[in-house]
Every structure is written in C-alpha cells, then in structure tokens.
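Enquirer: This is the structure I want to talk about, given as structure tokens.
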Amino acid sequence: MLSRRYIHDDKPSEDAKKLVGRVDPNSQRCLIENRQDLAVEHCYLLPTYLLRNERIVEMSSLEWFWGMKHGSLNLDTRYNVFPISSSLLRLYEENKWGLLPSDDIVHHYARGLSLGFASRPKGDTVQNGVFTYRFLPLSKAIESMGILHQHDHPTPHPPTPSSFITSVHPFSELQNLESHLHPKFAIAALGYKLGLVDQNRRKELLLHWPIL
C-alpha cells in the first residue's frame with residue numbers, strides 16, 4: 001500500500017499548471033464543482049506514482065498500446081492535469097471517484113485492445129481537444145454526499161443562489177463535464193481504480209454505467 005505522503009507529494013509541475021490555462025475550457029475552475037476559488041488545486045489524472053512503481057502500471061505497456069516510442073511517455077503534460085477542489089482532490093487520491101469518457105471514446109480504445117499484442121497500434125488517433133466526461137462514484141460512501149455545482153457564471157456580477165445546484169447520486173448533473181484532459185489518461189487511471197473496487201460494488205456500478 002502506498003503511503004498517503006507519497007501520493008500527496010505527486011504534484012504537477014508549475015509549467016504544466018500554467019499550460020493548463022491555455023487549453024482548459026473551464027478557465028481553470030474546478031472540473032466537478034465548476035467553481036473557482038482559493039481551494040482549487042491541480043491534480044494528475046493518471047498519477048505519476050503509479051508508473052514509478054512498475055508493479056502497479058507498466059509504462060512500456062501503455063506506450064505500446066498507444067503506439068508511442070519506448071520511453072517517450074510524459075505524464076507531466078497539460079493534457080493529464082486538471083483543476084479540482086481540495087476536498088474532491090483528497091477523495092480522488094483515495095480512489096473514491098473517477099472520470100468516465102463518453103461511450104464512443106471508450107469503444108474506440110476497446111477496439112484497439114481487442115487486437116491484443118498481435119498487432120501493434122500505429123499510434124493514438126484521438127487528437128487533443130475538448131472531451132466529455134462523467135463523474136463516476138467508485139466508493140459507496142460517495143453516494144451519501146452531495147456535490148455543489150455552479151452551473152451559471154454571471155460575470156462580472158457575483159453568483160446568486162440560483163447559480164448553484166446540489167448534485168446527489170447518481171449525479172445526473174455531472175454526466176456531461178467538458179475538459180481538455182486526454183481520454184487515454186482517463187481510461188488508464190479509471191482502469192487502475194476499478195481494479196481496487198470489490199466485485200459487488202462493480203456490479204452496482206454496471207447498473208448505472210453499463211459501458212464499464
């Protein structure tokens with residue numbers, strides 16, 4: 001088991017965080033809550049500590065499936081970094097929630113995996129851009145909490161009470177989140193997190209998200 005300190009020290013570089021501002025469609029607001037305040041931090045979607053420990057995720061395998069040159073994978077990129085509130089960051093690091101790409105993206109990568117190792121992919125054909133994600137509550141405990149989401153930004157005026165909604169399970173208001181994050185990182189990260197979920201919980205998740 002990785003220590004909490006080891007995970008907490010896994011932070012994006014200042015350069016990567018600055019570059020996020022150039023591509024983030026949400027103007028560096030929290031991806032889930034859609035709010036921007038002093039409590040917003042930057043987080044790796046696919047944490048680098050997973051790849052530093054080859055027993056967890058083998059970097060060369062990801063490079064192979066993504067059609068990359070050996071040793072060329074860089075996780076400290078703007079497309080693997082996103083803004084998130086401090087409270088949700090802690091829960092993400094504890095593998096209690098994840099991001100699920102749209103069905104068409106999942107099917108795209110699934111078709112590539114179905115080829116197995118018999119045919120090396122020519123490269124990742126999904127270009128950088130804006131993608132749609134769904135908030136996936138991996139932990140049962142997440143179902144008992146509400147998430148305050150700001151759906152309206154009446155700048156330059158301050159928000160009003162009607163600018164916010166409280167989303168609760170199954171978090172239908174959080175199933176169409178737009179982000180610059182590249183889906184290959186999301187799928188790899190979610191695959192790791194799902195591997196930590198017990199069988200009964202997986203069955204429950206499949207009822208709401210059959211694509212899993």
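Naming scheme: A, B, ... for chains in displayed order of the structure tokens; residues 1 onward per chain; ligands 1 onward as shown.
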Using DSSP assignments from the backbone, pull out every residue in segment 62-155 of chain A that falls under strand (DSSP E) and give it to me as a list in words.

Expert: Val81, Phe82, Pro83, Ile84, Ser85, Trp97, Gly98, Leu99, Leu100, Pro101, Phe131, Thr132, Tyr133, Arg134, Phe135, Leu136, Pro137, Ile147, Leu148, His149 and Gln150 of chain A

Enquirer: Per residue of segment 60-117 of chain A within 7 Å of segment 132-137 of chain A, note the shortest atom pair and the distance in Å to one decimal, counting only C-alpha atoms, and order the rows by chain and increasing residue number, as JSON lines.

Expert:
```
{"residue": "A:Lys96", "atom": "CA", "partner": "A:Pro137", "partner_atom": "CA", "distance": 6.4}
{"residue": "A:Trp97", "atom": "CA", "partner": "A:Pro137", "partner_atom": "CA", "distance": 4.5}
{"residue": "A:Gly98", "atom": "CA", "partner": "A:Leu136", "partner_atom": "CA", "distance": 5.1}
{"residue": "A:Leu99", "atom": "CA", "partner": "A:Phe135", "partner_atom": "CA", "distance": 5.2}
{"residue": "A:Leu100", "atom": "CA", "partner": "A:Arg134", "partner_atom": "CA", "distance": 4.9}
{"residue": "A:Pro101", "atom": "CA", "partner": "A:Tyr133", "partner_atom": "CA", "distance": 4.5}
{"residue": "A:Ser102", "atom": "CA", "partner": "A:Thr132", "partner_atom": "CA", "distance": 6.0}
```

Enquirer: Taking only C-alpha atoms into account, name the residue in A:Tyr92, A:Tyr79, A:Tyr49, A:Tyr44 that is nearest to Asp24 of chain A.

Expert: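 When distances to Asp24 of chain A are compared using only C-alpha atoms, the smallest one comes from A:Tyr79.
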
Enquirer: Set the distance at 8 Å and use only C-alpha atoms: which residues neighbour Ala16 of chain A once local chain neighbours fewer than 3 positions away are removed? I'd like the list as a VMD selection string.

Expert: chain A and resid 12 to 13 19 to 20 76 to 78 81

Enquirer: Set the distance at 6 Å and use only C-alpha atoms: which residues neighbour Ser179 of chain A once local chain neighbours fewer than 2 positions away are removed? I'd like the list as a list in words.

Expert: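 Close residues of Ser179 of chain A: Val130, Phe131 and Leu181 of chain A.
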
Enquirer: Generate a file of the selected residues that holds N, CA and C atoms, formatted as a PDB file, in the first residue's frame.

Expert:
```pdb
ATOM      1  N   VAL A 130     -11.358  19.007 -26.794  1.00  0.00           N
ATOM      2  CA  VAL A 130     -12.273  19.061 -25.654  1.00  0.00           C
ATOM      3  C   VAL A 130     -13.123  17.795 -25.670  1.00  0.00           C
ATOM      4  N   PHE A 131     -13.180  17.118 -24.526  1.00  0.00           N
ATOM      5  CA  PHE A 131     -13.882  15.844 -24.425  1.00  0.00           C
ATOM      6  C   PHE A 131     -14.928  15.902 -23.310  1.00  0.00           C
ATOM      7  N   LEU A 181      -8.713  17.277 -20.825  1.00  0.00           N
ATOM      8  CA  LEU A 181      -7.989  16.056 -20.469  1.00  0.00           C
ATOM      9  C   LEU A 181      -8.083  15.025 -21.587  1.00  0.00           C
TER      10      LEU A 181
END
```

Enquirer: Using only C-alpha atoms, can you tell me which of A:Leu212, A:Gln199, A:Asn95, A:Ala188 comes closest to Met59 of chain A?

Expert: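 Comparing A:Leu212, A:Gln199, A:Asn95, A:Ala188 against Met59 of chain A, the winner is A:Ala188.
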
Enquirer: Looking at only C-alpha atoms, which of A:His157, A:Ser61, A:Ser27, A:Ile187 is the one that sits closest to Leu73 of chain A?

Expert: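 Checking each candidate against Leu73 of chain A, we get A:Ser61 as the closest.
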
Enquirer: Within chain A, find each residue whose DSSP state, derived from the backbone, is helix (DSSP H, G or I), and express the selection as a VMD selection string.

Expert: chain A and resid 4 to 8 14 to 23 48 to 52 59 to 65 78 to 80 86 to 93 103 to 114 116 to 118 140 to 144 161 to 163 172 to 174 183 to 194 199 to 208

Enquirer: Quick one: residues within 10 Å of Leu174 of chain A, only C-alpha atoms counted, chain neighbours fewer than 3 positions away excluded, as a list in words?

Expert: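 Listed by chain and then number, they are Leu31, Ile32, Glu33, Tyr133, Arg134, Phe135, Leu136, Ile147, His149, Ser167, Val168, His169, Pro170, Phe171, Leu177 and Glu178 of chain A.
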
Enquirer: A:Ile211, A:Ile165, A:Arg22, A:Ala186: which is nearest Leu75 of chain A, counting only C-alpha atoms?

Expert: A:Ala186

Enquirer: Considering only C-alpha atoms, can you say which of A:Asp103, A:Glu63, A:Glu204, A:Asp15 comes closest to Leu51 of chain A?

Expert: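 Of all the options, A:Glu63 lies closest to Leu51 of chain A.
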
Enquirer: Considering only C-alpha atoms, can you say which of A:Lys11, A:Lys17, A:Ile105, A:Leu138 comes closest to Leu190 of chain A?

Expert: A:Leu138
